[in-house]
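Structure data follow from my_file-v8.cif (mmCIF, C-alpha atoms):
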```
data_start
#
loop_
_atom_site.label_atom_id
_atom_site.label_comp_id
_atom_site.auth_asym_id
_atom_site.auth_seq_id
_atom_site.Cartn_x
_atom_site.Cartn_y
_atom_site.Cartn_z
CA MET A 25 65.08 83.95 122.49
CA TYR A 26 63.95 84.15 118.89
CA LYS A 27 64.88 81.59 116.32
CA VAL A 28 66.41 83.38 113.35
CA TYR A 29 65.86 82.56 109.68
CA ILE A 30 67.45 84.41 106.79
CA PHE A 31 66.01 84.98 103.32
CA ASN A 32 68.07 83.25 100.60
CA LYS A 33 68.76 86.46 98.66
CA ALA A 34 69.77 88.27 101.86
CA LYS A 35 72.23 85.46 102.62
CA ILE A 36 73.70 85.72 99.11
CA LYS A 37 74.03 89.50 99.46
CA LEU A 38 75.63 89.08 102.89
CA ASN A 39 78.20 86.68 101.44
CA LYS A 40 79.23 89.34 98.91
CA ILE A 41 79.78 92.04 101.54
CA GLU A 42 83.32 92.33 102.94
CA GLY A 43 85.15 93.72 105.93
CA VAL A 44 83.76 95.85 108.73
CA SER A 45 80.27 96.09 107.21
CA LYS A 46 79.97 92.32 106.99
CA ASN A 47 81.07 91.91 110.60
CA ALA A 48 78.56 94.55 111.74
CA LEU A 49 75.73 92.81 109.86
CA LEU A 50 76.71 89.43 111.30
CA ARG A 51 76.62 90.91 114.80
CA LEU A 52 73.16 92.34 114.12
CA ILE A 53 71.87 88.97 112.94
CA ASP A 54 73.50 87.13 115.85
CA LYS A 55 72.10 89.60 118.40
CA SER A 56 68.62 89.60 116.84
CA SER A 57 67.82 86.32 118.63
CA ASN A 58 68.01 88.10 122.00
CA LYS A 59 64.53 89.56 122.66
CA LYS A 60 65.75 92.21 125.09
CA TRP A 61 68.43 93.43 122.66
CA PHE A 62 65.96 93.16 119.77
CA ASN A 63 63.37 95.35 121.48
CA SER A 64 65.90 98.03 122.38
CA HIS A 65 67.30 98.24 118.81
CA LYS A 66 64.21 97.91 116.62
CA LYS A 67 62.53 100.66 114.66
CA THR A 68 59.80 100.82 112.08
CA CYS A 69 59.48 102.67 108.80
CA ASN A 70 56.54 104.68 107.49
CA ASN A 71 56.05 102.85 104.20
CA SER A 72 57.35 99.37 105.07
CA ASP A 73 55.98 96.79 107.47
CA LEU A 74 59.44 95.36 108.12
CA ILE A 75 61.14 95.77 111.49
CA ILE A 76 64.54 97.42 111.18
CA LEU A 77 67.44 96.59 113.48
CA LYS A 78 70.55 98.70 113.74
CA GLN A 79 73.47 99.13 116.07
CA ASN A 80 74.17 102.58 117.49
CA ASN A 81 75.62 105.10 114.99
CA THR A 82 76.41 102.63 112.20
CA ALA A 83 75.28 102.44 108.58
CA GLU A 84 74.43 98.73 108.65
CA ARG A 85 70.80 97.65 109.02
CA ILE A 86 68.78 94.46 108.74
CA GLY A 87 65.07 94.29 108.05
CA GLY A 88 62.63 91.51 108.76
CA PHE A 89 59.52 90.42 110.60
CA ILE A 90 58.49 88.23 113.52
CA LYS A 91 56.10 85.33 113.17
CA ASP A 92 55.57 82.47 115.66
CA ASN A 93 58.58 83.45 117.80
CA VAL A 94 60.87 83.49 114.76
CA PHE A 95 62.66 86.55 113.41
CA TYR A 96 62.84 86.37 109.62
CA VAL A 97 65.73 88.44 108.21
CA CYS A 98 64.56 89.65 104.79
CA VAL A 99 67.11 92.28 103.78
CA VAL A 100 70.57 93.48 104.78
CA PHE A 101 71.99 96.93 104.14
CA SER A 102 75.66 97.79 104.43
CA LYS A 103 75.19 101.44 103.41
CA HIS A 104 72.81 103.91 105.02
CA GLN A 105 72.00 105.74 101.79
CA VAL A 106 70.95 102.50 100.09
CA TYR A 107 68.82 101.64 103.12
CA GLU A 108 67.05 105.02 103.00
CA ASN A 109 66.44 104.76 99.24
CA LYS A 110 65.26 101.14 99.18
CA ILE A 111 63.60 100.20 102.48
CA ASN A 112 60.14 101.45 101.47
CA GLU A 113 60.16 99.03 98.51
CA TYR A 114 60.16 96.00 100.83
CA HIS A 115 57.12 94.44 102.49
CA GLN A 116 56.58 91.26 104.43
CA LYS A 117 54.36 89.81 101.67
CA ASP A 118 57.37 89.92 99.27
CA PHE A 119 59.22 87.28 101.31
CA PRO A 120 57.65 83.80 101.20
CA ILE A 121 58.46 81.74 104.31
CA ASN A 122 59.67 78.78 102.21
CA ASN A 123 62.58 80.93 100.90
CA PHE A 124 64.17 81.28 104.34
CA ASN A 125 66.80 79.07 105.95
CA PHE A 126 67.58 78.62 109.60
CA TYR A 127 70.40 80.86 110.74
CA LYS A 128 72.73 79.20 113.19
CA LYS A 129 74.31 81.82 115.43
CA GLY A 130 77.91 82.40 114.35
CA GLU A 131 77.33 80.47 111.10
CA PHE A 132 78.96 83.01 108.82
CA THR A 133 81.76 83.69 111.27
CA LYS A 134 82.67 79.98 111.39
CA THR A 135 82.56 79.74 107.61
CA LYS A 136 84.81 82.79 107.33
CA MET A 137 87.11 81.37 110.01
CA ASN A 138 87.43 78.07 108.12
CA LYS A 139 88.11 79.99 104.90
CA LEU A 140 90.80 82.04 106.65
CA ILE A 141 92.36 78.90 108.14
CA ASN A 142 92.53 77.31 104.68
CA GLU A 143 93.97 80.51 103.18
CA ASN A 144 96.52 80.56 105.99
CA LYS A 145 97.56 76.94 105.23
CA ASN A 146 97.90 77.77 101.53
CA LEU A 147 99.94 80.88 102.32
CA ARG A 148 102.23 78.85 104.61
CA LYS A 149 102.82 76.37 101.76
CA LYS A 150 103.58 79.25 99.37
CA ILE A 151 105.94 80.79 101.93
CA ALA A 152 107.76 77.46 102.37
CA SER A 153 108.05 77.12 98.60
CA LEU A 154 109.37 80.66 98.24
CA GLU A 155 111.82 80.15 101.10
CA SER A 156 113.09 77.02 99.33
CA LYS A 157 113.49 78.95 96.08
CA ILE A 158 115.31 81.73 97.94
CA ALA A 159 117.66 79.16 99.49
CA ASN A 160 118.36 77.77 96.02
CA LEU A 161 118.95 81.28 94.70
CA ASN A 162 121.30 81.94 97.59
CA LEU A 163 123.23 78.82 96.61
CA LEU A 164 123.35 80.11 93.06
CA VAL A 165 124.45 83.51 94.32
CA ASP A 166 127.12 81.80 96.42
CA GLU A 167 128.20 79.80 93.36
CA ASN A 168 128.21 82.95 91.23
CA THR A 169 130.24 84.72 93.89
CA LYS A 170 132.70 81.81 93.95
CA ILE A 171 132.85 81.83 90.15
CA LYS A 172 133.52 85.59 90.14
CA LYS A 173 136.26 85.14 92.75
CA LEU A 174 137.79 82.33 90.68
CA GLU A 175 137.60 84.52 87.56
CA GLU A 176 139.30 87.35 89.48
CA THR A 177 141.95 84.91 90.69
CA ILE A 178 142.50 83.67 87.13
CA ILE A 179 142.87 87.26 85.89
CA PHE A 180 145.26 88.02 88.74
CA LEU A 181 147.29 84.88 87.98
CA LYS A 182 147.36 85.69 84.24
CA ASN A 183 148.56 89.23 85.02
CA SER A 184 151.12 87.86 87.44
CA ASN A 185 152.23 85.34 84.82
CA ASP A 186 152.50 88.08 82.19
CA LYS A 187 154.60 90.14 84.59
CA LEU A 188 156.80 87.17 85.35
CA GLU A 189 157.25 86.46 81.65
CA LYS A 190 158.27 90.11 81.12
CA ASP A 191 160.66 89.88 84.03
CA ILE A 192 162.06 86.65 82.61
CA ARG A 193 162.50 88.26 79.18
CA LYS A 194 164.15 91.27 80.79
CA PHE A 195 166.38 89.00 82.78
CA LYS A 196 167.29 86.92 79.71
CA TYR A 197 167.80 90.05 77.62
CA GLY A 198 169.88 91.58 80.39
CA ASN A 199 171.99 88.44 80.61
CA LYS A 200 172.54 88.44 76.81
CA ILE A 201 173.71 92.03 76.94
CA ASN A 202 176.05 91.26 79.86
CA LYS A 203 177.46 88.24 78.03
CA GLN A 204 178.05 90.28 74.90
CA LYS A 205 179.79 92.99 76.93
CA ASN A 206 181.98 90.42 78.57
CA LYS A 207 183.15 89.05 75.23
#
```

This structure in structure tokens:
Amino acid sequence: MYKVYIFNKAKIKLNKIEGVSKNALLRLIDKSSNKKWFNSHKKTCNNSDLIILKQNNTAERIGGFIKDNVFYVCVVFSKHQVYENKINEYHQKDFPINNFNFYKKGEFTKTKMNKLINENKNLRKKIASLESKIANLNLLVDENTKIKKLEETIIFLKNSNDKLEKDIRKFKYGNKINKQKNK
């Protein structure tokens, strides 16, 4: 097994990459410690002394070198075209050993997992808050519905009262006419 160290700038670039490409690069770095896997996936370039590792039929590549049973990851590429255009610009001498940090297998995955767990907790809090607001809105809607029903009842009662008053007037008027006829 190789120990794996990653160049500071490569780590920063890796942190900026998202999604499937990031996962593919992380797998490459994780697998690079396995000498058998390493030897079956390495290739060299004409104008660069870096060793290139890639998974089958993917755009992602990492470049580095081996020294004292340590694989030093110097560069990461998430796009094949960028790799082809830039790889020849990189050479082992451009990467001082003191600018590398030990890479703990699964390090980025655990960091991402912790970030996702925290995001999940925050989202759960937001969901609970929104559910509470919705419950309050439902109460308001229920109150508004009750108010509308009361308003409709008031209108109905006013109309009924108006009708009764008309009927009473008709009745009184009819009684006056009958009394006058009877006189």

Closest of A:Tyr26, A:Asn112, A:Lys157, A:Asp186 to A:Lys60 - atom-to-atom distances counting all atoms listed in the file: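 Between A:Tyr26, A:Asn112, A:Lys157, A:Asp186, the residue approaching A:Lys60 most closely is A:Tyr26.
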
query: Excluding same-chain residues fewer than 3 positions from stretch 54-56 of chain A, what lies within 10 Å of it counting only C-alpha atoms, as JSON, numbers by chain?
result: {"A": [25, 26, 27, 28, 48, 49, 50, 51, 59, 60, 61, 62, 63, 65, 66, 77, 78, 79, 86, 95, 96, 97, 127, 128, 129, 130, 131, 132]}

Take the residues just selected and output them with C-alpha atoms as a PDB file, keeping the file's coordinate frame.
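out.pdb, freshly written:
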```pdb
ATOM      1  CA  MET A  25      65.080  83.950 122.490  1.00  0.00           C
ATOM      2  CA  TYR A  26      63.950  84.150 118.890  1.00  0.00           C
ATOM      3  CA  LYS A  27      64.880  81.590 116.320  1.00  0.00           C
ATOM      4  CA  VAL A  28      66.410  83.380 113.350  1.00  0.00           C
ATOM      5  CA  ALA A  48      78.560  94.550 111.740  1.00  0.00           C
ATOM      6  CA  LEU A  49      75.730  92.810 109.860  1.00  0.00           C
ATOM      7  CA  LEU A  50      76.710  89.430 111.300  1.00  0.00           C
ATOM      8  CA  ARG A  51      76.620  90.910 114.800  1.00  0.00           C
ATOM      9  CA  LYS A  59      64.530  89.560 122.660  1.00  0.00           C
ATOM     10  CA  LYS A  60      65.750  92.210 125.090  1.00  0.00           C
ATOM     11  CA  TRP A  61      68.430  93.430 122.660  1.00  0.00           C
ATOM     12  CA  PHE A  62      65.960  93.160 119.770  1.00  0.00           C
ATOM     13  CA  ASN A  63      63.370  95.350 121.480  1.00  0.00           C
ATOM     14  CA  HIS A  65      67.300  98.240 118.810  1.00  0.00           C
ATOM     15  CA  LYS A  66      64.210  97.910 116.620  1.00  0.00           C
ATOM     16  CA  LEU A  77      67.440  96.590 113.480  1.00  0.00           C
ATOM     17  CA  LYS A  78      70.550  98.700 113.740  1.00  0.00           C
ATOM     18  CA  GLN A  79      73.470  99.130 116.070  1.00  0.00           C
ATOM     19  CA  ILE A  86      68.780  94.460 108.740  1.00  0.00           C
ATOM     20  CA  PHE A  95      62.660  86.550 113.410  1.00  0.00           C
ATOM     21  CA  TYR A  96      62.840  86.370 109.620  1.00  0.00           C
ATOM     22  CA  VAL A  97      65.730  88.440 108.210  1.00  0.00           C
ATOM     23  CA  TYR A 127      70.400  80.860 110.740  1.00  0.00           C
ATOM     24  CA  LYS A 128      72.730  79.200 113.190  1.00  0.00           C
ATOM     25  CA  LYS A 129      74.310  81.820 115.430  1.00  0.00           C
ATOM     26  CA  GLY A 130      77.910  82.400 114.350  1.00  0.00           C
ATOM     27  CA  GLU A 131      77.330  80.470 111.100  1.00  0.00           C
ATOM     28  CA  PHE A 132      78.960  83.010 108.820  1.00  0.00           C
TER      29      PHE A 132
END
```

query: What is the atom CA of A:Asn122 to atom CA of A:Ile30 distance in Å?
result: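 Result for atom CA of A:Asn122 versus atom CA of A:Ile30: 10.6 Å, one decimal.
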
message: Given all atoms listed in the file as the basis, pick out the residue of A:Gln116, A:Asn47, A:Ser57, A:Asn93 nearest to A:Leu74.
response: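 Ranking A:Gln116, A:Asn47, A:Ser57, A:Asn93 by distance to A:Leu74, first place goes to A:Gln116.
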
- prompt: Skipping near chain neighbours, those fewer than 4 positions away, what residues fall within 12 Å of A:Ile36 using all atoms listed in the file, listed as JSON, numbers by chain?
  reply: {"A": [30, 31, 32, 40, 41, 98, 99, 100, 124, 125, 132]}

message: My list of candidates is A:Ala152, A:Leu161, A:Ile76, A:Cys69. Which is closest to A:Ile53 when distances are computed with only C-alpha atoms?
response: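 Result for the nearest residue to A:Ile53: A:Ile76.
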
- prompt: Quick one, how far is atom CA of A:Tyr29 from atom CA of A:Phe101?
  reply: 16.6 Å

Atom CA of A:Gly87 to atom CA of A:Ile75, straight-line distance in Å: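 So the two atoms, atom CA of A:Ile75 and atom CA of A:Gly87, lie 5.4 Å apart.
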
query: Between A:Asn183, A:Ser45, A:Ser156, A:Asn71, which is the closest to A:His115 once you count only C-alpha atoms?
result: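 For A:His115, the nearest of the given residues is A:Asn71.
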